[in-house]
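Just below is one structure, and these are the notes that go with it.
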Amino acid sequence: MQIAIPLFERLTALDAIGPYETMQRLPGATVVFVGGAKGQVRTENGFLGLTVDATFDEVPNPDVIVVPGGVGTWDVIKADDQAMINWLRSVHRTSRFTTSVCTGSLVLAAAGLLDGLTATTHWGAYEALAKLGAVPTEKRVVEHLDQRIITAAGVSSGIDMALRLSELLVDADAARAMQLWIEYDPQPPFDAGSVAKAGDAPMARVIEYTRDKD
């Protein structure tokens, strides 16, 4: 069972690494980090490097695809070289599940895989997702199992999606085992993880910090 995670410049690290950590120990699973060219890419702020181990041509039939998000998704969508978009269209024909985390759903939508479907993404990208033909929803994980597509909302929700994928790929006890292995038992000291809960002051900080980093 091959799980392919495409990497690109300025992706969000946890979008890729959360599902990787969750599913890497599933029975028979192998994880490959794939991209347009082998070598290192840098995450959003340039602090962290991740390595592409295989090119798109070398991974023609993955069982599962997990497309991460990040500010770099805009470059993927607008790039003259549509290598990732074309690869997604091709591998989705035979995948067991094609999935995304955060703004990775914009890439799925740009590939035409979400036309008319409900889908989720980071709360800051609902409008962009709608313009690409999907129907945005605030749900944390959105499934279209008949079309083998699952989308997850922002960043940490990729772990939730990966646990659900673990259940679909193996069974519920396998998913519980993965949850236990990574000790995923969230008890955050704050309750500001959604726009509805956060309030004005945290939202102002998000805008400030995002402007400073971009």
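Residues are named by chain letter and number: chains run A, B, ... in the order of the structure tokens, numbers start at 1 in each chain, and ligands are numbered from 1 in the order shown.
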
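Neighbouring residues of Trp87 in chain A at 9 Å or closer, counting only C-alpha atoms and skipping chain neighbours under 6 positions away, are Phe56, Asp57 and Pro60 of chain A.
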
Practice item. Would you return as JSON, numbers by chain the members of chain A that DSSP assigns to strand (DSSP E) on this structure's backbone? Key: {"A": [2, 3, 4, 5, 6, 30, 31, 32, 33, 34, 35, 39, 40, 41, 42, 49, 50, 51, 52, 54, 55, 64, 65, 66, 67, 97, 98, 99, 100, 101, 118, 119, 135, 136, 141, 142, 143, 144, 149, 150, 151, 152]}

Check your understanding: Between CA of Ala125 in chain A and CA of Ala196 in chain A, what is the spacing in Å?
Key -> 15.6 Å

Any chance you could tabulate, as a Markdown table, the residues of range 75-147 of chain A at most 12 Å from range 29-43 of chain A with each one's nearest atom pair and distance in Å to one decimal, using only C-alpha atoms, in chain and rising number order?
```
| residue | atom | partner | partner_atom | distance |
| --- | --- | --- | --- | --- |
| A:Val76 | CA | A:Gly36 | CA | 10.6 |
| A:Ala79 | CA | A:Gly36 | CA | 11.9 |
| A:Asp81 | CA | A:Gly36 | CA | 9.3 |
| A:Gln82 | CA | A:Gly36 | CA | 9.6 |
| A:Ala83 | CA | A:Gly36 | CA | 6.5 |
| A:Met84 | CA | A:Gly36 | CA | 7.1 |
| A:Ile85 | CA | A:Gly36 | CA | 10.7 |
| A:Asn86 | CA | A:Gly36 | CA | 11.1 |
| A:Trp87 | CA | A:Gly36 | CA | 9.7 |
| A:Leu88 | CA | A:Gly35 | CA | 11.3 |
```

Point to revise | range 103-105 of chain A environment, 7 Å, only C-alpha atoms, sequence neighbours closer than 2 positions dropped, as a list in words | key: Val67, Pro68, Gly69, Gly70, Thr73, Ser100, Val101, Val107, Leu108, Ala109, Thr121, His122, Ala125 and Thr151 of chain A

Exercise for review: May I ask which of the residues A:Trp123, A:Phe97, A:Tyr20, A:Tyr209 is the closest one to Gly154 in chain A, counting only C-alpha atoms?
Suggested key: A:Trp123

Using only C-alpha atoms, which protein or nucleic acid residues come within 12 Å of range 142-145 of chain A? Drop anything in the same chain fewer than 5 positions from it, and give the result as a PDB file with C-alpha atoms, in the first residue's frame.
```
ATOM      1  CA  SER A  95      -6.135   5.534  -6.393  1.00  0.00           C
ATOM      2  CA  ARG A  96      -8.074   4.100  -3.503  1.00  0.00           C
ATOM      3  CA  PHE A  97      -8.314   7.578  -1.976  1.00  0.00           C
ATOM      4  CA  THR A  98      -7.247  11.016  -3.148  1.00  0.00           C
ATOM      5  CA  THR A  99      -7.123  13.456  -0.257  1.00  0.00           C
ATOM      6  CA  SER A 100      -5.997  16.904   0.797  1.00  0.00           C
ATOM      7  CA  VAL A 101      -5.195  18.897   3.892  1.00  0.00           C
ATOM      8  CA  CYS A 102      -5.757  22.636   4.270  1.00  0.00           C
ATOM      9  CA  SER A 105      -7.933  21.105  -1.646  1.00  0.00           C
ATOM     10  CA  LEU A 113     -11.492  16.666  -8.946  1.00  0.00           C
ATOM     11  CA  LEU A 114     -13.872  18.704  -6.760  1.00  0.00           C
ATOM     12  CA  GLY A 116     -19.633  20.573  -7.659  1.00  0.00           C
ATOM     13  CA  LEU A 117     -18.544  18.660  -4.555  1.00  0.00           C
ATOM     14  CA  THR A 118     -18.594  19.887  -0.982  1.00  0.00           C
ATOM     15  CA  ALA A 119     -15.057  20.240   0.306  1.00  0.00           C
ATOM     16  CA  THR A 120     -13.160  21.910   3.092  1.00  0.00           C
ATOM     17  CA  THR A 121      -9.949  23.862   3.423  1.00  0.00           C
ATOM     18  CA  ALA A 134     -16.050  23.273  -5.173  1.00  0.00           C
ATOM     19  CA  VAL A 135     -18.690  23.986  -2.528  1.00  0.00           C
ATOM     20  CA  PRO A 136     -16.867  25.060   0.659  1.00  0.00           C
ATOM     21  CA  THR A 137     -18.034  23.784   4.021  1.00  0.00           C
ATOM     22  CA  ILE A 150     -11.595  13.209   1.258  1.00  0.00           C
ATOM     23  CA  THR A 151     -10.647  16.771   2.178  1.00  0.00           C
ATOM     24  CA  ALA A 152      -9.530  18.073   5.564  1.00  0.00           C
ATOM     25  CA  ALA A 153      -9.631  21.616   6.896  1.00  0.00           C
ATOM     26  CA  SER A 157      -7.227  18.403  10.815  1.00  0.00           C
ATOM     27  CA  GLY A 158      -4.971  16.301   8.613  1.00  0.00           C
ATOM     28  CA  ASP A 160      -8.125  13.516  12.002  1.00  0.00           C
ATOM     29  CA  MET A 161      -8.400  12.671   8.324  1.00  0.00           C
ATOM     30  CA  ARG A 164     -10.271   8.067   9.285  1.00  0.00           C
ATOM     31  CA  LEU A 165      -8.167   6.870   6.345  1.00  0.00           C
ATOM     32  CA  LEU A 168     -10.981   2.834   5.759  1.00  0.00           C
TER      33      LEU A 168
END
```

Practice item. Compare A:Arg211, A:Gln147, A:Arg93, A:Glu44 by their minimum atom-to-atom distance to Pro62 in chain A, counting only C-alpha atoms, and give me the closest one. Key: A:Arg93

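The interatomic distance for the pair CA of Gly18 in chain A and CA of Gly199 in chain A works out to 26.6 Å.
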